[in-house]
$ cat model-v5.txt   # compact mmCIF, N, CA and C atoms
# COMPACT_ATOMS: atom_id res chain seq x y z
N MET A 1 108.45 99.51 102.60
CA MET A 1 108.98 99.17 101.29
C MET A 1 107.82 99.19 100.29
N ASN A 2 108.01 99.86 99.19
CA ASN A 2 106.96 100.01 98.20
C ASN A 2 107.30 99.16 96.98
N SER A 3 106.75 97.96 96.91
CA SER A 3 107.04 97.03 95.82
C SER A 3 105.74 96.51 95.23
N PRO A 4 105.67 96.36 93.90
CA PRO A 4 104.44 95.80 93.30
C PRO A 4 104.21 94.36 93.72
N PHE A 5 105.27 93.68 94.17
CA PHE A 5 105.13 92.28 94.55
C PHE A 5 104.50 92.12 95.92
N SER A 6 104.49 93.18 96.72
CA SER A 6 103.86 93.10 98.03
C SER A 6 102.38 93.47 97.98
N THR A 7 101.91 93.90 96.83
CA THR A 7 100.52 94.28 96.66
C THR A 7 99.63 93.04 96.66
N VAL A 8 98.61 93.06 97.47
CA VAL A 8 97.68 91.93 97.52
C VAL A 8 96.99 91.79 96.18
N GLY A 9 96.94 90.58 95.66
CA GLY A 9 96.26 90.33 94.41
C GLY A 9 97.09 90.56 93.16
N TYR A 10 98.38 90.85 93.31
CA TYR A 10 99.23 91.08 92.15
C TYR A 10 99.53 89.75 91.46
N HIS A 11 99.37 89.69 90.16
CA HIS A 11 99.66 88.49 89.38
C HIS A 11 100.49 88.86 88.16
N ALA A 12 101.58 88.14 87.96
CA ALA A 12 102.40 88.36 86.76
C ALA A 12 101.70 87.72 85.57
N ARG A 13 101.96 88.26 84.41
CA ARG A 13 101.44 87.67 83.18
C ARG A 13 102.61 87.13 82.39
N PHE A 14 102.54 85.87 82.05
CA PHE A 14 103.60 85.24 81.28
C PHE A 14 103.24 85.25 79.80
N PRO A 15 104.26 85.34 78.94
CA PRO A 15 103.99 85.25 77.50
C PRO A 15 103.51 83.85 77.12
N GLN A 16 102.86 83.74 76.00
CA GLN A 16 102.46 82.44 75.46
C GLN A 16 103.68 81.78 74.83
N GLY A 17 103.81 80.47 74.96
CA GLY A 17 104.91 79.75 74.34
C GLY A 17 106.21 79.89 75.13
N TRP A 18 107.31 79.61 74.46
CA TRP A 18 108.64 79.61 75.08
C TRP A 18 109.21 81.02 75.13
N PHE A 19 109.91 81.35 76.24
CA PHE A 19 110.49 82.67 76.41
C PHE A 19 111.76 82.60 77.26
N PHE A 20 112.55 83.67 77.21
CA PHE A 20 113.73 83.81 78.06
C PHE A 20 113.34 84.64 79.28
N ILE A 21 113.96 84.36 80.42
CA ILE A 21 113.78 85.16 81.62
C ILE A 21 115.07 85.95 81.79
N GLN A 22 115.00 87.25 81.52
CA GLN A 22 116.20 88.08 81.44
C GLN A 22 116.30 89.06 82.60
N SER A 23 117.50 89.17 83.17
CA SER A 23 117.79 90.13 84.22
C SER A 23 117.80 91.54 83.63
N VAL A 24 117.09 92.45 84.26
CA VAL A 24 117.08 93.83 83.82
C VAL A 24 118.44 94.48 84.07
N VAL A 25 119.11 94.11 85.15
CA VAL A 25 120.37 94.74 85.54
C VAL A 25 121.52 94.33 84.63
N GLU A 26 121.77 93.04 84.48
CA GLU A 26 122.93 92.55 83.73
C GLU A 26 122.61 92.11 82.30
N GLY A 27 121.33 91.82 82.04
CA GLY A 27 120.96 91.33 80.72
C GLY A 27 121.15 89.83 80.56
N TYR A 28 121.62 89.17 81.62
CA TYR A 28 121.80 87.72 81.56
C TYR A 28 120.43 87.04 81.62
N VAL A 29 120.39 85.78 81.19
CA VAL A 29 119.14 85.03 81.21
C VAL A 29 119.24 83.85 82.17
N LEU A 30 118.09 83.43 82.69
CA LEU A 30 118.02 82.28 83.57
C LEU A 30 118.32 81.03 82.76
N SER A 31 119.23 80.20 83.25
CA SER A 31 119.70 79.05 82.49
C SER A 31 119.93 77.86 83.41
N VAL A 32 119.75 76.66 82.89
CA VAL A 32 120.11 75.45 83.62
C VAL A 32 121.60 75.22 83.40
N LYS A 33 122.36 75.16 84.50
CA LYS A 33 123.82 75.05 84.41
C LYS A 33 124.23 73.82 83.61
N ASP A 34 125.15 74.03 82.68
CA ASP A 34 125.72 72.98 81.83
C ASP A 34 124.66 72.21 81.04
N SER A 35 123.51 72.84 80.79
CA SER A 35 122.41 72.21 80.05
C SER A 35 121.99 70.88 80.66
N SER A 36 122.11 70.78 81.96
CA SER A 36 121.80 69.53 82.66
C SER A 36 120.32 69.16 82.53
N THR A 37 120.07 67.87 82.53
CA THR A 37 118.69 67.36 82.56
C THR A 37 118.43 66.60 83.86
N GLU A 38 119.33 66.75 84.82
CA GLU A 38 119.19 66.10 86.13
C GLU A 38 118.19 66.86 86.99
N VAL A 39 117.50 66.13 87.86
CA VAL A 39 116.49 66.72 88.73
C VAL A 39 117.07 67.79 89.65
N ASP A 40 118.31 67.62 90.10
CA ASP A 40 118.90 68.58 91.04
C ASP A 40 119.83 69.59 90.36
N ALA A 41 119.62 69.86 89.09
CA ALA A 41 120.47 70.80 88.34
C ALA A 41 120.39 72.20 88.94
N GLN A 42 121.50 72.92 88.85
CA GLN A 42 121.54 74.30 89.33
C GLN A 42 120.98 75.25 88.27
N ILE A 43 120.34 76.31 88.75
CA ILE A 43 119.85 77.36 87.87
C ILE A 43 120.77 78.56 88.07
N VAL A 44 121.24 79.14 86.97
CA VAL A 44 122.21 80.23 87.03
C VAL A 44 121.79 81.36 86.08
N LEU A 45 122.37 82.53 86.29
CA LEU A 45 122.26 83.62 85.32
C LEU A 45 123.46 83.51 84.40
N HIS A 46 123.21 83.53 83.10
CA HIS A 46 124.27 83.28 82.13
C HIS A 46 124.01 84.16 80.91
N PRO A 47 125.06 84.61 80.22
CA PRO A 47 124.81 85.36 78.98
C PRO A 47 124.01 84.51 77.99
N TRP A 48 123.14 85.15 77.21
CA TRP A 48 122.38 84.42 76.21
C TRP A 48 123.34 83.70 75.28
N SER A 49 123.00 82.47 74.91
CA SER A 49 123.88 81.66 74.07
C SER A 49 123.13 81.20 72.83
N SER A 50 123.74 81.38 71.66
CA SER A 50 123.11 80.94 70.42
C SER A 50 123.26 79.44 70.23
N THR A 51 124.11 78.78 71.03
CA THR A 51 124.29 77.33 70.90
C THR A 51 123.66 76.56 72.06
N GLU A 52 123.53 77.18 73.22
CA GLU A 52 122.97 76.51 74.40
C GLU A 52 121.62 77.10 74.81
N TYR A 53 120.96 77.76 73.89
CA TYR A 53 119.74 78.48 74.24
C TYR A 53 118.61 77.57 74.70
N ARG A 54 118.64 76.30 74.35
CA ARG A 54 117.55 75.39 74.75
C ARG A 54 117.43 75.29 76.27
N SER A 55 118.57 75.40 76.97
CA SER A 55 118.53 75.35 78.44
C SER A 55 118.16 76.71 79.03
N GLN A 56 117.96 77.72 78.18
CA GLN A 56 117.61 79.06 78.62
C GLN A 56 116.16 79.43 78.31
N LEU A 57 115.45 78.52 77.68
CA LEU A 57 114.05 78.77 77.33
C LEU A 57 113.12 78.19 78.39
N TRP A 58 112.06 78.95 78.70
CA TRP A 58 111.09 78.55 79.72
C TRP A 58 109.68 78.76 79.18
N MET A 59 108.73 78.03 79.76
CA MET A 59 107.33 78.19 79.41
C MET A 59 106.50 78.08 80.68
N HIS A 60 105.48 78.91 80.78
CA HIS A 60 104.55 78.83 81.90
C HIS A 60 103.42 77.90 81.49
N ASP A 61 103.24 76.82 82.23
CA ASP A 61 102.21 75.84 81.86
C ASP A 61 100.93 76.00 82.66
N GLY A 62 100.78 77.11 83.33
CA GLY A 62 99.58 77.35 84.14
C GLY A 62 99.87 77.26 85.62
N ASP A 63 100.79 76.38 86.01
CA ASP A 63 101.15 76.21 87.41
C ASP A 63 102.64 76.39 87.66
N CYS A 64 103.47 76.07 86.68
CA CYS A 64 104.92 76.01 86.87
C CYS A 64 105.65 76.63 85.68
N LEU A 65 106.94 76.88 85.89
CA LEU A 65 107.83 77.26 84.80
C LEU A 65 108.60 76.01 84.38
N VAL A 66 108.51 75.66 83.11
CA VAL A 66 109.11 74.44 82.57
C VAL A 66 110.28 74.82 81.67
N ASN A 67 111.41 74.11 81.83
CA ASN A 67 112.57 74.34 80.99
C ASN A 67 112.44 73.55 79.70
N PHE A 68 112.75 74.18 78.57
CA PHE A 68 112.63 73.54 77.26
C PHE A 68 113.52 72.32 77.12
N ASN A 69 114.77 72.43 77.54
CA ASN A 69 115.75 71.36 77.35
C ASN A 69 115.47 70.15 78.23
N SER A 70 115.26 70.38 79.51
CA SER A 70 115.12 69.27 80.47
C SER A 70 113.68 68.81 80.64
N LYS A 71 112.72 69.68 80.30
CA LYS A 71 111.29 69.43 80.52
C LYS A 71 110.96 69.34 82.01
N LEU A 72 111.88 69.82 82.87
CA LEU A 72 111.66 69.84 84.31
C LEU A 72 111.17 71.23 84.72
N VAL A 73 110.51 71.29 85.88
CA VAL A 73 109.98 72.56 86.36
C VAL A 73 110.97 73.25 87.29
N LEU A 74 110.87 74.56 87.35
CA LEU A 74 111.70 75.36 88.25
C LEU A 74 111.13 75.26 89.65
N ASP A 75 111.99 74.92 90.61
CA ASP A 75 111.58 74.79 92.01
C ASP A 75 112.59 75.54 92.86
N VAL A 76 112.10 76.32 93.78
CA VAL A 76 112.99 77.13 94.63
C VAL A 76 112.93 76.63 96.05

$ encode --input "model-v5.txt" --output "structure tokens"
Amino acid sequence: MNSPFSTVGYHARFPQGWFFIQSVVEGYVLSVKDSSTEVDAQIVLHPWSSTEYRSQLWMHDGDCLVNFNSKLVLDV
């Protein structure tokens, strides 16, 4: 399998400040389901929303991806 993610030493570069994480295939963005601020909230792909966009914004803080609305980090 030939993937850039399997290359030793590969590092992604995140934009400065808040950004959307968008699927190349569907165009949907990573979002916290129902704009939840609970620790166990689900993360979903959802169409971009002009009213719920706060739960769709993320920032790289050096170690983690932080959600704008909940201020919680993404954990898989």

$ select_by_dssp --input "model-v5.txt" --residues "chain A" --states "strand (DSSP E)" --output "PyMOL selection string"
chain A and resi 29-32+43-46+58-60+65-67

$ residues_around --input "model-v5.txt" --residues "region 42-46 of chain A" --least-positions-apart "5" --cutoff "9 Å" --atoms "only C-alpha atoms" --output "MDAnalysis selection string"
chainID A and resid 22:23 27:34 36 56 74

$ closest_residue --input "model-v5.txt" --among "A:Arg13, A:Arg54, A:Trp48, A:Asp40" --to "Glu26 (chain A)" --atoms "only C-alpha atoms"
A:Trp48

$ closest_residue --input "model-v5.txt" --among "A:Ala12, A:Leu57, A:Val39, A:Ile21" --to "Asp75 (chain A)" --atoms "only C-alpha atoms"
A:Val39

$ atom_distance --input "model-v5.txt" --atom1 "CA of Met59 (chain A)" --atom2 "atom C of Gly17 (chain A)"
4.7 Å

$ closest_residue --input "model-v5.txt" --among "A:Trp18, A:Ser70, A:Val25, A:Ser35" --to "Glu52 (chain A)" --atoms "only N, CA and C atoms"
A:Ser35

$ atom_distance --input "model-v5.txt" --atom1 "atom N of Asp61 (chain A)" --atom2 "CA of Ser49 (chain A)"
22.7 Å

$ residues_around --input "model-v5.txt" --residues "Lys71 (chain A)" --least-positions-apart "2" --cutoff "10 Å" --atoms "only C-alpha atoms" --output "JSON, numbers by chain"
{"A": [37, 55, 58, 59, 65, 66, 67, 68, 69, 73, 74]}
